[in-house]
>>> print(open('start17.cif').read())   # mmCIF, C-alpha atoms and all ligand atoms
data_final
#
loop_
_atom_site.group_PDB
_atom_site.id
_atom_site.type_symbol
_atom_site.label_atom_id
_atom_site.label_comp_id
_atom_site.auth_asym_id
_atom_site.auth_seq_id
_atom_site.Cartn_x
_atom_site.Cartn_y
_atom_site.Cartn_z
ATOM 1 C CA MET A 1 -38.317 28.885 -44.348
ATOM 2 C CA ASP A 2 -37.058 25.347 -44.777
ATOM 3 C CA ARG A 3 -39.755 22.901 -43.752
ATOM 4 C CA ASP A 4 -37.357 19.985 -43.670
ATOM 5 C CA ALA A 5 -35.182 21.724 -41.117
ATOM 6 C CA TRP A 6 -38.255 22.154 -38.932
ATOM 7 C CA SER A 7 -39.257 18.495 -39.197
ATOM 8 C CA SER A 8 -35.723 17.255 -38.543
ATOM 9 C CA HIS A 9 -36.326 18.020 -34.877
ATOM 10 C CA ASN A 10 -37.898 15.498 -32.568
ATOM 11 C CA TRP A 11 -40.705 17.546 -31.058
ATOM 12 C CA VAL A 12 -41.788 16.080 -27.751
ATOM 13 C CA GLU A 13 -43.586 18.966 -26.231
ATOM 14 C CA CYS A 14 -46.236 20.718 -28.229
ATOM 15 C CA ARG A 15 -48.534 22.480 -25.858
ATOM 16 C CA MET A 16 -50.795 25.467 -25.988
ATOM 17 C CA ILE A 17 -49.758 28.281 -23.745
ATOM 18 C CA GLU A 18 -51.185 31.703 -23.217
ATOM 19 C CA ILE A 19 -48.858 34.586 -22.461
ATOM 20 C CA GLU A 20 -51.381 37.314 -23.043
ATOM 21 C CA SER A 21 -55.003 36.397 -22.604
ATOM 22 C CA GLY A 22 -56.765 35.543 -25.812
ATOM 23 C CA ASN A 23 -53.471 35.022 -27.538
ATOM 24 C CA PRO A 24 -52.679 31.312 -27.503
ATOM 25 C CA LEU A 25 -49.290 30.118 -28.702
ATOM 26 C CA ILE A 26 -47.899 26.670 -29.303
ATOM 27 C CA GLN A 27 -44.669 25.729 -27.619
ATOM 28 C CA HIS A 28 -42.397 23.224 -29.301
ATOM 29 C CA ARG A 29 -39.407 21.600 -27.638
ATOM 30 C CA CYS A 30 -37.006 19.213 -29.264
ATOM 31 C CA SER A 31 -35.939 16.272 -27.122
ATOM 32 C CA ARG A 32 -32.534 16.080 -28.782
ATOM 33 C CA CYS A 33 -31.202 19.627 -29.022
ATOM 34 C CA ARG A 34 -33.487 21.098 -26.332
ATOM 35 C CA ARG A 35 -34.306 24.105 -28.425
ATOM 36 C CA ASP A 36 -37.611 25.780 -27.721
ATOM 37 C CA PHE A 37 -39.813 27.568 -30.182
ATOM 38 C CA LEU A 38 -43.121 29.314 -30.009
ATOM 39 C CA GLU A 39 -45.558 29.284 -32.865
ATOM 40 C CA ALA A 40 -48.334 31.824 -33.288
ATOM 41 C CA PRO A 41 -51.262 29.939 -34.836
ATOM 42 C CA PRO A 42 -52.947 32.751 -36.803
ATOM 43 C CA THR A 43 -49.831 33.535 -38.832
ATOM 44 C CA GLY A 44 -47.767 30.410 -38.298
ATOM 45 C CA GLU A 45 -44.915 32.651 -37.263
ATOM 46 C CA ARG A 46 -42.257 30.807 -35.320
ATOM 47 C CA TYR A 47 -39.543 32.139 -33.136
ATOM 48 C CA ALA A 48 -36.844 30.852 -30.850
ATOM 49 C CA VAL A 49 -37.455 31.253 -27.143
ATOM 50 C CA TYR A 50 -35.746 30.616 -23.891
ATOM 51 C CA VAL A 51 -38.057 28.898 -21.435
ATOM 52 C CA SER A 52 -37.616 29.378 -17.743
ATOM 53 C CA VAL A 53 -39.896 28.256 -14.964
ATOM 54 C CA PHE A 54 -42.010 31.361 -15.024
ATOM 55 C CA SER A 55 -41.689 32.887 -18.401
ATOM 56 C CA PHE A 56 -40.762 32.733 -22.025
ATOM 57 C CA ARG A 57 -38.106 34.982 -23.381
ATOM 58 C CA ARG A 58 -37.919 35.675 -27.022
ATOM 59 C CA LEU A 59 -34.440 35.151 -28.379
ATOM 60 C CA PRO A 60 -32.829 37.638 -30.756
ATOM 61 C CA GLU A 61 -34.103 37.610 -34.328
ATOM 62 C CA LEU A 62 -30.699 36.403 -35.451
ATOM 63 C CA ILE A 63 -30.999 33.271 -33.326
ATOM 64 C CA THR A 64 -34.507 32.598 -34.568
ATOM 65 C CA ARG A 65 -33.371 32.785 -38.157
ATOM 66 C CA GLN A 66 -30.355 30.617 -37.466
ATOM 67 C CA TRP A 67 -32.308 27.942 -35.586
ATOM 68 C CA LEU A 68 -35.154 27.838 -38.070
ATOM 69 C CA GLY A 69 -32.678 27.342 -40.902
ATOM 70 C CA GLU A 70 -30.619 24.665 -39.208
ATOM 71 C CA TRP A 71 -31.268 20.972 -39.107
ATOM 72 C CA CYS A 72 -31.533 19.440 -35.683
ATOM 73 C CA PRO A 73 -27.981 19.267 -34.323
ATOM 74 C CA GLY A 74 -28.979 16.065 -32.502
ATOM 75 C CA GLU A 75 -27.800 17.244 -29.100
ATOM 76 C CA PRO A 76 -27.657 20.441 -27.069
ATOM 77 C CA LEU A 77 -24.909 22.604 -28.532
ATOM 78 C CA PRO A 78 -22.350 24.350 -26.290
ATOM 79 C CA ASN A 79 -23.275 27.603 -28.038
ATOM 80 C CA ASP A 80 -26.923 27.185 -27.084
ATOM 81 C CA ILE A 81 -26.034 26.460 -23.470
ATOM 82 C CA ASP A 82 -23.824 29.548 -23.459
ATOM 83 C CA LEU A 83 -26.608 31.642 -24.881
ATOM 84 C CA ARG A 84 -29.072 30.532 -22.222
ATOM 85 C CA ARG A 85 -26.544 31.155 -19.487
ATOM 86 C CA ARG A 86 -25.980 34.692 -20.742
ATOM 87 C CA LEU A 87 -29.725 35.304 -20.770
ATOM 88 C CA ILE A 88 -30.018 34.136 -17.179
ATOM 89 C CA GLU A 89 -27.147 36.382 -16.124
ATOM 90 C CA ASN A 90 -28.672 39.377 -17.880
ATOM 91 C CA ARG A 91 -31.937 38.824 -16.097
ATOM 92 C CA ALA A 92 -30.242 38.744 -12.703
ATOM 93 C CA ARG A 93 -28.722 42.188 -13.185
HETATM 94 ZN ZN ZN A 101 -33.690 19.404 -32.390
#
>>> encode(input="start17.cif", output="structure tokens", more="lines below")
Ligand SMILES: [Zn+2]
Amino acid sequence: MDRDAWSSHNWVECRMIEIESGNPLIQHRCSRCRRDFLEAPPTGERYAVYVSVFSFRRLPELITRQWLGEWCPGEPLPNDIDLRRRLIENRAR
């Protein structure tokens, strides 16, 4: 994992959340590209998530690997917006 790619983001939201009780996670959101990640403190594992009002949805492993390897694109990418829209549509079905 490239640590510089991680720190190229401008993290504005780093808050503890608890999806399952006793299992706290840290949510990170970048103010520039609007990507969301969750970090699991015991292992430091990070993965890309889609955050909606009520829940977190883990994004495909491929996306996680891509996002973790990329430097902050500096703005929300059309691809990302597309991806989120598809996730929302899938949920509605
Ligand atoms: Zn970013």
>>> residues_around(input="start17.cif", residues="Leu25 in chain A", least_positions_apart="3", cutoff="7 Å", atoms="all atoms listed in the file", output="PyMOL selection string")
chain A and resi 16-18+38-41
>>> resolve_selection(input="start17.cif", expression="the PyMOL selection byres (((chain A and resi 70) around 12) and not hetatm)", output="list in words")
Met1, Asp2, Arg3, Asp4, Ala5, Trp6, Ser7, Ser8, His9, Cys33, Arg35, Ile63, Thr64, Arg65, Gln66, Trp67, Leu68, Gly69, Trp71, Cys72, Pro73 and Gly74 of chain A
>>> residues_around(input="start17.cif", residues="Arg84 in chain A", least_positions_apart="5", cutoff="9 Å", atoms="all atoms listed in the file", output="MDAnalysis selection string")
chainID A and resid 50 79 89
>>> axis_aligned_box(input="start17.cif", around="range 24-42 of chain A", padding_each_side="4 Å", output="AutoDock Vina command-line options")
--center_x -42.1 --center_y 24.4 --center_z -31.6 --size_x 29.7 --size_y 24.7 --size_z 18.5
>>> atom_distance(input="start17.cif", atom1="CA of Leu87 in chain A", atom2="CA of Phe37 in chain A")
15.8 Å
>>> atom_distance(input="start17.cif", atom1="CA of Glu20 in chain A", atom2="CA of Val49 in chain A")
15.7 Å
>>> closest_residue(input="start17.cif", among="A:Leu83, A:Ala48, A:Cys30, A:Val12", to="ligand ZN 101 (chain A)", atoms="all atoms listed in the file")
A:Cys30
>>> closest_residue(input="start17.cif", among="A:Leu77, A:Gly22, A:Gly44, A:Arg57", to="ligand ZN 101 (chain A)", atoms="all atoms listed in the file")
A:Leu77
>>> atom_distance(input="start17.cif", atom1="CA of Ser31 in chain A", atom2="CA of Trp11 in chain A")
6.3 Å
>>> closest_residue(input="start17.cif", among="A:Asn10, A:Ser52, A:Asn23, A:Thr43", to="ligand ZN 101 (chain A)", atoms="only C-alpha atoms and all ligand atoms")
A:Asn10
>>> closest_residue(input="start17.cif", among="A:Gln27, A:Ile19, A:Asp36, A:Arg58", to="ligand ZN 101 (chain A)", atoms="only C-alpha atoms and all ligand atoms")
A:Asp36
